[in-house]
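**Student:** Sharing protein-v8.txt below, compact mmCIF, C-alpha atoms (C1' of nucleotides) and all ligand atoms:
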# COMPACT_ATOMS: atom_id res chain seq x y z
CA MET Q 1 -0.67 -2.78 -25.00
CA SER Q 2 -4.05 -2.01 -23.53
CA SER Q 3 -6.47 -4.38 -21.86
CA PRO Q 4 -9.19 -6.11 -23.87
CA ASP Q 5 -11.91 -3.67 -24.67
CA PRO Q 6 -15.25 -4.94 -23.44
CA PHE Q 7 -16.95 -2.50 -25.76
CA ASP Q 8 -15.38 -4.45 -28.57
CA ARG Q 9 -15.79 -8.07 -29.49
CA HIS Q 10 -12.92 -10.30 -28.62
CA ASP Q 11 -12.22 -13.95 -27.90
CA HIS Q 12 -13.71 -13.82 -24.50
CA ALA Q 13 -13.47 -17.52 -23.74
CA ALA Q 14 -9.69 -17.29 -24.04
CA CYS Q 15 -9.65 -13.99 -22.19
CA ARG Q 16 -11.54 -15.51 -19.30
CA LYS Q 17 -9.37 -18.59 -19.23
CA ARG Q 18 -6.25 -16.51 -19.10
CA ALA Q 19 -7.59 -14.35 -16.30
CA LEU Q 20 -8.47 -17.41 -14.27
CA ALA Q 21 -5.03 -18.88 -14.84
CA GLN Q 22 -3.41 -15.66 -13.69
CA ALA Q 23 -5.65 -15.66 -10.65
CA GLU Q 24 -4.49 -19.13 -9.74
CA ALA Q 25 -0.90 -18.12 -10.22
CA ILE Q 26 -1.38 -15.19 -7.89
CA CYS Q 27 -3.38 -16.93 -5.17
CA ALA Q 28 -2.45 -20.56 -5.48
CA GLU Q 29 -4.50 -22.62 -3.06
CA ARG Q 30 -6.15 -19.58 -1.58
CA LEU Q 31 -8.35 -19.32 -4.65
CA THR Q 32 -10.99 -21.58 -3.15
CA PRO Q 33 -13.89 -22.95 -5.19
CA ILE Q 34 -16.29 -20.21 -4.10
CA ARG Q 35 -13.83 -17.45 -4.82
CA ARG Q 36 -12.94 -18.99 -8.12
CA ARG Q 37 -16.58 -19.33 -9.06
CA VAL Q 38 -17.32 -15.72 -8.13
CA LEU Q 39 -14.38 -14.53 -10.18
CA ASP Q 40 -15.62 -16.53 -13.11
CA LEU Q 41 -19.09 -15.05 -12.70
CA LEU Q 42 -17.55 -11.62 -12.99
CA LEU Q 43 -15.50 -12.68 -15.98
CA GLU Q 44 -18.59 -14.07 -17.69
CA SER Q 45 -20.33 -10.75 -17.37
CA HIS Q 46 -19.27 -7.66 -19.20
CA VAL Q 47 -21.41 -5.54 -16.97
CA ALA Q 48 -20.53 -4.92 -13.37
CA LEU Q 49 -22.32 -7.24 -10.95
CA GLY Q 50 -23.64 -6.19 -7.59
CA ALA Q 51 -22.99 -8.42 -4.61
CA TYR Q 52 -26.59 -9.53 -4.67
CA ASP Q 53 -26.38 -10.33 -8.38
CA VAL Q 54 -23.49 -12.62 -7.59
CA LEU Q 55 -25.42 -14.08 -4.70
CA GLN Q 56 -28.42 -14.85 -6.88
CA ARG Q 57 -26.24 -16.62 -9.41
CA LEU Q 58 -24.67 -18.72 -6.68
CA GLN Q 59 -28.09 -19.59 -5.35
CA ALA Q 60 -29.33 -20.44 -8.82
CA GLU Q 61 -26.56 -23.02 -8.95
CA GLY Q 62 -27.90 -24.67 -5.83
CA HIS Q 63 -25.51 -23.06 -3.40
CA ARG Q 64 -27.40 -21.99 -0.30
CA ALA Q 65 -25.50 -18.78 0.22
CA GLN Q 66 -26.17 -15.74 2.34
CA PRO Q 67 -24.95 -12.18 1.67
CA PRO Q 68 -21.69 -12.49 3.62
CA VAL Q 69 -20.62 -15.31 1.32
CA ALA Q 70 -20.78 -13.03 -1.69
CA TYR Q 71 -19.21 -10.08 0.08
CA ARG Q 72 -16.35 -12.16 1.44
CA ALA Q 73 -15.51 -13.62 -1.92
CA LEU Q 74 -15.69 -10.22 -3.58
CA ASP Q 75 -13.62 -8.60 -0.85
CA PHE Q 76 -10.99 -11.27 -1.29
CA LEU Q 77 -10.88 -10.79 -5.03
CA VAL Q 78 -10.59 -7.03 -4.68
CA ALA Q 79 -7.91 -7.30 -1.99
CA ASN Q 80 -5.88 -9.53 -4.27
CA GLY Q 81 -6.29 -7.35 -7.31
CA LEU Q 82 -8.40 -9.87 -9.18
CA ALA Q 83 -11.48 -7.71 -9.26
CA HIS Q 84 -12.33 -4.06 -8.91
CA ARG Q 85 -15.15 -2.36 -7.12
CA ILE Q 86 -16.98 0.28 -9.16
CA GLU Q 87 -18.06 2.83 -6.59
CA ARG Q 88 -20.52 4.55 -8.83
CA LEU Q 89 -22.45 1.35 -9.34
CA ASN Q 90 -21.91 -0.39 -6.02
CA ALA Q 91 -20.78 -3.27 -8.15
CA PHE Q 92 -17.78 -5.29 -9.19
CA VAL Q 93 -15.89 -6.25 -12.33
CA ALA Q 94 -13.15 -8.77 -12.89
CA CYS Q 95 -9.72 -7.46 -13.68
CA HIS Q 96 -8.58 -8.82 -17.01
CA ARG Q 97 -4.90 -8.27 -16.36
CA PRO Q 98 -4.34 -8.73 -12.66
CA GLU Q 99 -0.60 -9.04 -13.06
CA LYS Q 100 -0.16 -5.68 -14.70
CA CYS Q 101 -2.96 -3.79 -13.10
CA GLU Q 102 -2.05 -0.70 -11.21
CA ALA Q 103 -4.05 2.49 -10.84
CA PRO Q 104 -6.93 1.39 -13.01
CA ALA Q 105 -9.56 3.76 -14.33
CA PHE Q 106 -12.97 2.83 -15.67
CA LEU Q 107 -15.24 3.89 -18.49
CA ILE Q 108 -18.86 3.11 -17.71
CA CYS Q 109 -21.49 3.21 -20.43
CA ARG Q 110 -24.76 4.57 -19.04
CA GLU Q 111 -26.67 2.89 -21.83
CA CYS Q 112 -25.42 -0.71 -21.97
CA ASN Q 113 -23.77 -0.66 -18.52
CA ARG Q 114 -20.60 -2.24 -19.76
CA VAL Q 115 -17.40 -1.24 -18.07
CA ALA Q 116 -14.02 -0.89 -19.72
CA GLU Q 117 -10.86 -0.85 -17.68
CA THR Q 118 -8.01 1.38 -18.64
CA ALA Q 119 -4.89 2.69 -16.97
CA SER Q 120 -4.72 6.04 -15.25
CA ALA Q 121 -1.86 8.50 -15.34
CA SER Q 122 -0.96 7.76 -11.76
CA ARG Q 123 1.93 9.69 -10.29
CA ARG Q 124 2.39 12.25 -13.01
CA GLY Q 125 -0.96 13.91 -13.35
CA ALA Q 126 -2.34 17.19 -12.16
CA LEU Q 127 -4.02 15.51 -9.24
CA ALA Q 128 -0.79 14.08 -7.89
CA ARG Q 129 0.81 17.48 -8.23
CA ASP Q 130 -2.02 19.21 -6.36
CA ALA Q 131 -1.91 16.61 -3.66
CA ARG Q 132 1.80 17.04 -3.22
CA ALA Q 133 1.35 20.79 -2.94
CA LEU Q 134 -1.12 20.25 -0.10
CA GLY Q 135 1.05 17.73 1.65
CA PHE Q 136 -1.55 15.08 0.97
CA GLU Q 137 -0.25 11.60 0.45
CA ILE Q 138 -2.37 9.67 -2.00
CA GLU Q 139 -2.71 5.98 -1.34
CA GLN Q 140 -5.36 5.04 -3.81
CA THR Q 141 -7.36 6.81 -6.47
CA VAL Q 142 -10.80 6.02 -7.79
CA ILE Q 143 -11.34 7.16 -11.35
CA GLU Q 144 -14.66 6.37 -12.95
CA ALA Q 145 -15.89 8.09 -16.08
CA GLN Q 146 -19.53 7.89 -17.09
CA GLY Q 147 -20.55 8.31 -20.65
CA ILE Q 148 -21.65 6.49 -23.71
CA CYS Q 149 -19.73 3.92 -25.67
CA SER Q 150 -19.31 3.97 -29.41
CA GLY Q 151 -21.74 1.09 -29.93
CA CYS Q 152 -24.51 2.74 -27.99
CA ARG Q 153 -23.99 6.14 -29.52
CA THR Q 154 -24.38 4.97 -33.08
CA SER Q 155 -27.56 3.05 -32.33
CA MET C 1 -6.15 30.18 -7.72
CA SER C 2 -7.24 27.02 -6.00
CA SER C 3 -10.20 26.47 -3.76
CA PRO C 4 -9.89 26.94 0.01
CA ASP C 5 -8.05 24.05 1.48
CA PRO C 6 -10.10 22.36 4.16
CA PHE C 7 -6.96 20.74 5.48
CA ASP C 8 -5.75 24.22 6.23
CA ARG C 9 -7.25 26.81 8.49
CA HIS C 10 -9.03 29.64 6.80
CA ASP C 11 -11.74 32.19 7.53
CA HIS C 12 -14.50 29.72 7.20
CA ALA C 13 -17.33 31.99 8.30
CA ALA C 14 -16.59 34.21 5.32
CA CYS C 15 -16.05 31.23 3.07
CA ARG C 16 -19.42 29.86 3.99
CA LYS C 17 -21.15 33.17 3.55
CA ARG C 18 -19.70 33.59 0.10
CA ALA C 19 -20.73 30.11 -0.91
CA LEU C 20 -24.28 30.73 0.22
CA ALA C 21 -24.40 34.02 -1.65
CA GLN C 22 -23.19 32.32 -4.79
CA ALA C 23 -25.81 29.64 -4.31
CA GLU C 24 -28.53 32.26 -4.15
CA ALA C 25 -27.20 33.93 -7.23
CA ILE C 26 -27.31 30.63 -9.09
CA CYS C 27 -30.70 29.41 -7.93
CA ALA C 28 -32.64 32.52 -7.02
CA GLU C 29 -35.99 31.56 -5.51
CA ARG C 30 -35.40 27.88 -6.13
CA LEU C 31 -33.04 27.81 -3.16
CA THR C 32 -35.83 27.10 -0.73
CA PRO C 33 -35.34 27.18 3.04
CA ILE C 34 -34.78 23.45 3.32
CA ARG C 35 -32.29 23.37 0.48
CA ARG C 36 -30.52 26.39 1.84
CA ARG C 37 -30.35 24.86 5.27
CA VAL C 38 -28.96 21.60 3.94
CA LEU C 39 -26.35 23.46 1.95
CA ASP C 40 -25.37 25.35 5.06
CA LEU C 41 -25.12 22.12 7.02
CA LEU C 42 -22.66 20.87 4.43
CA LEU C 43 -20.74 24.11 4.55
CA GLU C 44 -20.54 23.96 8.32
CA SER C 45 -18.93 20.56 8.13
CA HIS C 46 -15.52 19.92 6.71
CA VAL C 47 -16.20 16.24 6.59
CA ALA C 48 -18.60 14.77 4.10
CA LEU C 49 -22.08 14.18 5.49
CA GLY C 50 -24.22 11.21 4.65
CA ALA C 51 -27.86 11.77 3.81
CA TYR C 52 -28.82 10.36 7.18
CA ASP C 53 -26.37 12.67 8.94
CA VAL C 54 -28.10 15.58 7.28
CA LEU C 55 -31.44 14.12 8.23
CA GLN C 56 -30.48 13.82 11.89
CA ARG C 57 -29.36 17.43 11.99
CA LEU C 58 -32.64 18.56 10.47
CA GLN C 59 -34.54 16.50 12.99
CA ALA C 60 -32.44 17.88 15.84
CA GLU C 61 -33.63 21.31 14.78
CA GLY C 62 -37.23 20.24 15.22
CA HIS C 63 -37.93 19.49 11.60
CA ARG C 64 -39.91 16.29 11.32
CA ALA C 65 -38.19 15.04 8.22
CA GLN C 66 -38.08 11.67 6.54
CA PRO C 67 -35.28 10.33 4.31
CA PRO C 68 -36.69 11.63 1.02
CA VAL C 69 -36.49 15.16 2.36
CA ALA C 70 -32.75 14.88 2.78
CA TYR C 71 -32.22 13.07 -0.49
CA ARG C 72 -34.29 15.56 -2.44
CA ALA C 73 -32.43 18.52 -1.07
CA LEU C 74 -29.07 16.86 -1.67
CA ASP C 75 -30.04 15.82 -5.18
CA PHE C 76 -31.06 19.36 -5.95
CA LEU C 77 -27.81 20.76 -4.64
CA VAL C 78 -25.78 18.26 -6.63
CA ALA C 79 -27.82 18.85 -9.78
CA ASN C 80 -27.17 22.57 -9.46
CA GLY C 81 -23.48 22.20 -8.78
CA LEU C 82 -23.72 23.48 -5.22
CA ALA C 83 -22.65 20.22 -3.67
CA HIS C 84 -20.81 17.11 -4.70
CA ARG C 85 -21.44 13.50 -3.95
CA ILE C 86 -18.42 11.53 -2.75
CA GLU C 87 -19.02 8.05 -4.08
CA ARG C 88 -16.45 6.42 -1.92
CA LEU C 89 -18.15 7.63 1.23
CA ASN C 90 -21.78 7.65 0.12
CA ALA C 91 -21.75 11.20 1.37
CA PHE C 92 -21.87 14.81 0.29
CA VAL C 93 -19.78 17.96 0.52
CA ALA C 94 -20.60 21.54 -0.33
CA CYS C 95 -18.84 23.07 -3.28
CA HIS C 96 -16.92 26.13 -2.19
CA ARG C 97 -16.75 27.68 -5.64
CA PRO C 98 -19.91 26.68 -7.46
CA GLU C 99 -19.43 29.30 -10.14
CA LYS C 100 -16.06 28.04 -11.23
CA CYS C 101 -16.42 24.40 -10.49
CA GLU C 102 -15.93 22.03 -13.34
CA ALA C 103 -14.49 18.55 -13.28
CA PRO C 104 -13.72 18.51 -9.57
CA ALA C 105 -11.51 15.91 -7.93
CA PHE C 106 -11.34 15.09 -4.26
CA LEU C 107 -8.70 14.24 -1.71
CA ILE C 108 -10.15 12.26 1.17
CA CYS C 109 -8.19 11.82 4.37
CA ARG C 110 -8.80 8.36 5.82
CA GLU C 111 -7.77 9.56 9.24
CA CYS C 112 -9.71 12.78 9.86
CA ASN C 113 -12.23 12.24 7.07
CA ARG C 114 -11.90 15.73 5.74
CA VAL C 115 -12.34 16.22 2.02
CA ALA C 116 -10.48 18.74 -0.10
CA GLU C 117 -11.79 19.71 -3.50
CA THR C 118 -9.39 20.33 -6.31
CA ALA C 119 -9.61 20.59 -10.08
CA SER C 120 -8.94 17.68 -12.38
CA ALA C 121 -7.10 17.74 -15.66
CA SER C 122 -10.30 17.21 -17.57
CA ARG C 123 -10.03 16.99 -21.33
CA ARG C 124 -6.28 16.71 -21.61
CA GLY C 125 -5.34 13.72 -19.53
CA ALA C 126 -4.49 10.17 -20.40
CA LEU C 127 -8.02 9.08 -19.54
CA ALA C 128 -9.61 11.39 -22.07
CA ARG C 129 -7.16 10.20 -24.68
CA ASP C 130 -7.89 6.53 -23.98
CA ALA C 131 -11.60 7.20 -24.09
CA ARG C 132 -11.31 8.93 -27.43
CA ALA C 133 -9.35 6.01 -28.79
CA LEU C 134 -12.19 3.67 -27.81
CA GLY C 135 -14.88 5.94 -29.18
CA PHE C 136 -16.18 6.45 -25.68
CA GLU C 137 -17.70 9.82 -24.98
CA ILE C 138 -17.10 10.89 -21.41
CA GLU C 139 -19.86 12.90 -19.81
CA GLN C 140 -18.69 13.01 -16.23
CA THR C 141 -15.72 11.73 -14.31
CA VAL C 142 -15.48 10.77 -10.67
CA ILE C 143 -12.01 11.25 -9.25
CA GLU C 144 -11.53 10.51 -5.60
CA ALA C 145 -8.14 9.97 -4.01
CA GLN C 146 -7.84 8.37 -0.61
CA GLY C 147 -4.86 9.03 1.55
CA ILE C 148 -3.63 10.94 4.50
CA CYS C 149 -3.42 14.67 4.90
CA SER C 150 -0.38 16.52 6.15
CA GLY C 151 -1.93 17.24 9.54
CA CYS C 152 -2.77 13.62 10.20
CA ARG C 153 0.52 12.30 8.98
CA THR C 154 2.63 14.40 11.29
CA SER C 155 0.57 13.48 14.34
C1' DA K 1 -63.27 33.08 -10.68
C1' DA K 2 -62.47 28.22 -11.77
C1' DA K 3 -59.47 24.97 -13.70
C1' DC K 4 -55.03 23.53 -14.62
C1' DG K 5 -50.11 22.32 -14.32
C1' DA K 6 -45.57 22.61 -12.30
C1' DG K 7 -42.77 22.31 -8.42
C1' DA K 8 -41.84 21.54 -3.64
C1' DC K 9 -42.78 19.05 0.34
C1' DG K 10 -44.99 15.45 3.67
C1' DT K 11 -45.45 10.63 4.60
C1' DT K 12 -45.50 5.62 4.36
C1' DA K 13 -43.45 1.77 3.03
C1' DT K 14 -39.96 -0.89 0.97
C1' DA K 15 -35.88 -1.85 -1.84
C1' DA K 16 -30.94 -2.31 -2.23
C1' DC K 17 -26.51 -2.54 -0.25
C1' DA K 18 -23.45 -4.03 3.58
C1' DT K 19 -21.67 -5.91 7.99
C1' DA K 20 -21.52 -7.66 13.01
C1' DA K 21 -21.23 -11.63 15.50
C1' DC K 22 -20.81 -16.25 16.44
C1' DA K 23 -20.61 -21.24 15.24
C1' DA K 24 -18.41 -24.86 12.86
C1' DG K 25 -15.20 -27.14 9.77
C1' DT K 26 -10.42 -27.61 7.86
C1' DG K 27 -5.62 -27.97 7.71
C1' DT K 28 -0.64 -27.12 9.55
C1' DG K 29 2.78 -27.10 12.94
C1' DC K 30 3.93 -27.91 17.73
C1' DG S 1 -3.69 -33.84 21.22
C1' DC S 2 -3.86 -28.92 20.90
C1' DA S 3 -3.28 -24.21 19.41
C1' DC S 4 -3.67 -21.44 15.62
C1' DA S 5 -4.95 -19.39 11.20
C1' DC S 6 -8.21 -19.45 7.71
C1' DT S 7 -12.48 -20.36 5.43
C1' DT S 8 -17.23 -21.04 5.37
C1' DG S 9 -22.17 -21.30 7.30
C1' DT S 10 -25.85 -18.77 9.41
C1' DT S 11 -28.67 -15.40 11.83
C1' DA S 12 -29.69 -11.02 12.53
C1' DT S 13 -29.28 -6.26 11.84
C1' DG S 14 -27.49 -1.88 10.19
C1' DT S 15 -27.11 1.57 6.49
C1' DT S 16 -28.18 3.79 2.24
C1' DA S 17 -31.68 4.93 -1.25
C1' DT S 18 -36.11 5.21 -3.69
C1' DA S 19 -41.08 4.22 -5.14
C1' DA S 20 -45.43 5.91 -4.72
C1' DC S 21 -48.97 8.78 -3.51
C1' DG S 22 -51.10 12.79 -1.25
C1' DT S 23 -51.15 17.81 -0.39
C1' DC S 24 -50.04 22.59 -0.79
C1' DT S 25 -48.78 26.78 -3.28
C1' DC S 26 -48.40 29.62 -6.90
C1' DG S 27 -48.64 31.32 -11.40
C1' DT S 28 -51.05 30.59 -16.07
C1' DT S 29 -54.94 29.61 -18.86
C1' DT S 30 -59.66 29.61 -19.88
ZN ZN D 1 -7.51 -4.22 -13.23
ZN ZN D 2 -22.72 1.11 -24.34
ZN ZN D 3 -17.01 22.04 -6.61
ZN ZN D 4 -6.47 14.22 7.96
Re-express the file's structure as structure tokens.

**Tutor:**
Amino acid sequence: MSSPDPFDRHDHAACRKRALAQAEAICAERLTPIRRRVLDLLLESHVALGAYDVLQRLQAEGHRAQPPVAYRALDFLVANGLAHRIERLNAFVACHRPEKCEAPAFLICRECNRVAETASASRRGALARDARALGFEIEQTVIEAQGICSGCRTS
Amino acid sequence: MSSPDPFDRHDHAACRKRALAQAEAICAERLTPIRRRVLDLLLESHVALGAYDVLQRLQAEGHRAQPPVAYRALDFLVANGLAHRIERLNAFVACHRPEKCEAPAFLICRECNRVAETASASRRGALARDARALGFEIEQTVIEAQGICSGCRTS
DNA sequence: AAACGAGACGTTATAACATAACAAGTGTGC
DNA sequence: GCACACTTGTTATGTTATAACGTCTCGTTT
């Protein structure tokens, strides 16, 4: 089955809870309060958050944080597969299925800025074939599609 | 046939000349001296250049340029399909085949930093299918693979 | 010719994104 | 205790990108 579609309504409270539980399973005690809070901030938001957006939210909660605090937490989450960086937006989203996530691809609505995560073809596609032909060894692939979601198109 | 492989040796003087000629055919008088020069700077370099790299080179040639000069030229080139932005690197490469270029994908060597342009599957792949299923209309897709090229791997 | 508008470019200033470097606190194992 | 790994706090700075406004040129309109 596919990941929850952020363009669609779903039981997001449960979705968020599950993602946090998976995060704790993956990281155990390494999911410190700051990291956990940052992950939850990403889960709360269906749009990608920039590091400074995260920082502002932390500060709004009374945490006297400086930029490295946000970047470190985000870097940790990305390194552990709990969040993804969206290059196009210089921003981050939570991964909703960290246990099954491999070779993600993203659909970014230019109107509402929401980001949907989907799975990419990975080792089978034309790109992998081309790379092999060139002797290029792919380690990681960024796939980010821009466009307009169904909700925004109809309105 | 595929585009010239920057990981491979080729007659780059000719390659560059052809690309410039195609650029002039596409833009006519709109390819002003600055834009032409920036395009040529990108063609000269097999690695992606950041806007400030371009800027430095312009300044080294005696041109008293400020950042917007570089960004404007690069934006123009990208808008006209003569160059591509590599999101992962916040940098730009010239397109070697602007007339035939559609849905490009990139292979980025993390060791030598060279970037090869290839063609992506476009409307047929799993991504397009997923998007259609969600009612998402894709307008543009960024595909950037990181890895290691054959030259760098063997050495 | 004078007025106008579009497009390119010059210039200043500032916004937005990201990291280097070092200090200090915590816990674990020796 | 002490070394070590890891996390966090904090200051400062580096890097990437754009807003805003002025000027110049050229071709079109009046
Ligand atoms: Zn994911
Ligand atoms: Zn939308
Ligand atoms: Zn191209
Ligand atoms: Zn290489």

**Student:** Quick one: chain C onto chain Q, least squares on all Cα paired in order, result as a compact mmCIF listing (two decimals) with C-alpha atoms, keeping the file's coordinate frame?

**Tutor:**
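Saved as result30.txt:
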# COMPACT_ATOMS: atom_id res chain seq x y z
CA MET C 1 -0.71 -2.67 -24.98
CA SER C 2 -4.07 -1.95 -23.46
CA SER C 3 -6.47 -4.33 -21.83
CA PRO C 4 -9.16 -6.08 -23.89
CA ASP C 5 -11.88 -3.66 -24.70
CA PRO C 6 -15.22 -4.92 -23.47
CA PHE C 7 -16.94 -2.51 -25.80
CA ASP C 8 -15.34 -4.43 -28.61
CA ARG C 9 -15.74 -8.05 -29.52
CA HIS C 10 -12.87 -10.29 -28.64
CA ASP C 11 -12.19 -13.95 -27.93
CA HIS C 12 -13.67 -13.82 -24.52
CA ALA C 13 -13.46 -17.53 -23.75
CA ALA C 14 -9.69 -17.29 -24.04
CA CYS C 15 -9.62 -14.00 -22.20
CA ARG C 16 -11.50 -15.51 -19.33
CA LYS C 17 -9.34 -18.59 -19.23
CA ARG C 18 -6.20 -16.51 -19.09
CA ALA C 19 -7.57 -14.36 -16.32
CA LEU C 20 -8.44 -17.41 -14.26
CA ALA C 21 -5.00 -18.88 -14.82
CA GLN C 22 -3.40 -15.66 -13.69
CA ALA C 23 -5.63 -15.65 -10.64
CA GLU C 24 -4.46 -19.12 -9.71
CA ALA C 25 -0.88 -18.11 -10.19
CA ILE C 26 -1.38 -15.17 -7.86
CA CYS C 27 -3.36 -16.90 -5.14
CA ALA C 28 -2.41 -20.55 -5.36
CA GLU C 29 -4.51 -22.58 -2.93
CA ARG C 30 -6.16 -19.48 -1.51
CA LEU C 31 -8.34 -19.29 -4.61
CA THR C 32 -10.96 -21.54 -3.12
CA PRO C 33 -13.87 -22.92 -5.15
CA ILE C 34 -16.27 -20.20 -4.07
CA ARG C 35 -13.81 -17.42 -4.80
CA ARG C 36 -12.92 -18.96 -8.10
CA ARG C 37 -16.55 -19.31 -9.02
CA VAL C 38 -17.31 -15.71 -8.12
CA LEU C 39 -14.36 -14.53 -10.16
CA ASP C 40 -15.62 -16.54 -13.09
CA LEU C 41 -19.08 -15.07 -12.70
CA LEU C 42 -17.53 -11.63 -12.99
CA LEU C 43 -15.51 -12.69 -15.99
CA GLU C 44 -18.58 -14.09 -17.68
CA SER C 45 -20.30 -10.76 -17.38
CA HIS C 46 -19.23 -7.66 -19.19
CA VAL C 47 -21.39 -5.55 -16.99
CA ALA C 48 -20.52 -4.94 -13.38
CA LEU C 49 -22.31 -7.25 -10.96
CA GLY C 50 -23.62 -6.18 -7.60
CA ALA C 51 -22.97 -8.40 -4.61
CA TYR C 52 -26.59 -9.48 -4.67
CA ASP C 53 -26.37 -10.31 -8.37
CA VAL C 54 -23.48 -12.59 -7.58
CA LEU C 55 -25.43 -14.04 -4.70
CA GLN C 56 -28.43 -14.83 -6.88
CA ARG C 57 -26.25 -16.62 -9.40
CA LEU C 58 -24.68 -18.71 -6.65
CA GLN C 59 -28.10 -19.56 -5.31
CA ALA C 60 -29.34 -20.44 -8.79
CA GLU C 61 -26.56 -23.00 -8.91
CA GLY C 62 -27.90 -24.65 -5.78
CA HIS C 63 -25.53 -23.01 -3.36
CA ARG C 64 -27.41 -21.94 -0.26
CA ALA C 65 -25.52 -18.73 0.24
CA GLN C 66 -26.18 -15.68 2.35
CA PRO C 67 -24.94 -12.13 1.68
CA PRO C 68 -21.68 -12.44 3.62
CA VAL C 69 -20.62 -15.26 1.34
CA ALA C 70 -20.76 -13.00 -1.68
CA TYR C 71 -19.19 -10.05 0.09
CA ARG C 72 -16.34 -12.14 1.46
CA ALA C 73 -15.49 -13.59 -1.89
CA LEU C 74 -15.68 -10.19 -3.57
CA ASP C 75 -13.60 -8.56 -0.85
CA PHE C 76 -10.97 -11.22 -1.27
CA LEU C 77 -10.87 -10.76 -5.02
CA VAL C 78 -10.58 -7.00 -4.68
CA ALA C 79 -7.91 -7.28 -1.98
CA ASN C 80 -5.88 -9.52 -4.27
CA GLY C 81 -6.29 -7.33 -7.31
CA LEU C 82 -8.39 -9.87 -9.20
CA ALA C 83 -11.47 -7.70 -9.27
CA HIS C 84 -12.33 -4.06 -8.92
CA ARG C 85 -15.14 -2.34 -7.15
CA ILE C 86 -16.98 0.29 -9.19
CA GLU C 87 -18.06 2.83 -6.62
CA ARG C 88 -20.51 4.55 -8.85
CA LEU C 89 -22.45 1.36 -9.38
CA ASN C 90 -21.91 -0.37 -6.04
CA ALA C 91 -20.78 -3.27 -8.16
CA PHE C 92 -17.77 -5.30 -9.19
CA VAL C 93 -15.88 -6.25 -12.33
CA ALA C 94 -13.14 -8.78 -12.90
CA CYS C 95 -9.71 -7.48 -13.71
CA HIS C 96 -8.57 -8.84 -17.03
CA ARG C 97 -4.88 -8.29 -16.38
CA PRO C 98 -4.33 -8.75 -12.67
CA GLU C 99 -0.58 -9.06 -13.06
CA LYS C 100 -0.14 -5.71 -14.71
CA CYS C 101 -2.94 -3.81 -13.14
CA GLU C 102 -2.04 -0.69 -11.27
CA ALA C 103 -4.03 2.48 -10.91
CA PRO C 104 -6.93 1.38 -13.08
CA ALA C 105 -9.58 3.75 -14.38
CA PHE C 106 -12.97 2.83 -15.71
CA LEU C 107 -15.26 3.90 -18.51
CA ILE C 108 -18.87 3.11 -17.72
CA CYS C 109 -21.50 3.21 -20.43
CA ARG C 110 -24.78 4.54 -19.05
CA GLU C 111 -26.68 2.89 -21.84
CA CYS C 112 -25.44 -0.71 -21.99
CA ASN C 113 -23.78 -0.67 -18.57
CA ARG C 114 -20.61 -2.24 -19.80
CA VAL C 115 -17.40 -1.24 -18.09
CA ALA C 116 -14.02 -0.89 -19.77
CA GLU C 117 -10.86 -0.87 -17.71
CA THR C 118 -8.03 1.37 -18.69
CA ALA C 119 -4.89 2.69 -17.03
CA SER C 120 -4.73 6.03 -15.30
CA ALA C 121 -1.91 8.52 -15.38
CA SER C 122 -1.01 7.76 -11.81
CA ARG C 123 1.88 9.69 -10.33
CA ARG C 124 2.30 12.26 -13.05
CA GLY C 125 -1.06 13.94 -13.36
CA ALA C 126 -2.40 17.21 -12.10
CA LEU C 127 -4.08 15.44 -9.20
CA ALA C 128 -0.83 14.02 -7.88
CA ARG C 129 0.77 17.42 -8.19
CA ASP C 130 -2.05 19.14 -6.29
CA ALA C 131 -1.92 16.49 -3.60
CA ARG C 132 1.80 16.94 -3.17
CA ALA C 133 1.33 20.67 -2.86
CA LEU C 134 -1.12 20.10 0.00
CA GLY C 135 1.07 17.55 1.71
CA PHE C 136 -1.54 14.91 1.02
CA GLU C 137 -0.23 11.43 0.45
CA ILE C 138 -2.38 9.54 -2.02
CA GLU C 139 -2.72 5.84 -1.40
CA GLN C 140 -5.39 4.93 -3.89
CA THR C 141 -7.40 6.76 -6.50
CA VAL C 142 -10.85 5.98 -7.81
CA ILE C 143 -11.36 7.15 -11.37
CA GLU C 144 -14.66 6.36 -12.98
CA ALA C 145 -15.92 8.09 -16.10
CA GLN C 146 -19.56 7.88 -17.08
CA GLY C 147 -20.60 8.31 -20.64
CA ILE C 148 -21.69 6.50 -23.71
CA CYS C 149 -19.76 3.95 -25.69
CA SER C 150 -19.36 4.01 -29.44
CA GLY C 151 -21.78 1.14 -29.97
CA CYS C 152 -24.54 2.77 -27.99
CA ARG C 153 -24.05 6.17 -29.50
CA THR C 154 -24.43 5.04 -33.07
CA SER C 155 -27.60 3.10 -32.33

**Student:** Using all atoms listed in the file, which chain Q residues lie at most 12 Å away from chain K, written as a PyMOL selection string?

**Tutor:** chain Q and resi 50-53+67-72+75+87+89-91

**Student:** Restrict the distance test to only C-alpha atoms, flag each residue of chain Q within 7 Å of chain C, and return the flagged residues as a PyMOL selection string.

**Tutor:** chain Q and resi 87-88+120-121+126-127+135-150

**Student:** For ligand ZN 3 (chain D), which residue out of C:Ala60, C:Ala28, C:Ile34, C:Ala19 is the nearest one, using all atoms listed in the file?

**Tutor:**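 Residue with the minimum atom-to-atom distance to ligand ZN 3 (chain D): C:Ala19.
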
**Student:** Restricting the calculation to only C-alpha atoms (C1' of nucleotides): of S:DC24, S:DA3, S:DA12, S:DA19, which residue gets closest to chain Q?

**Tutor:** S:DA12

**Student:** Residues of chain S near chain Q: apply a cut-off of 9 Å, count only C-alpha atoms (C1' of nucleotides), and supply the list as a list in words.

**Tutor:**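 Written out as asked, the residues are DT7, DT8, DG9 and DT10 of chain S.
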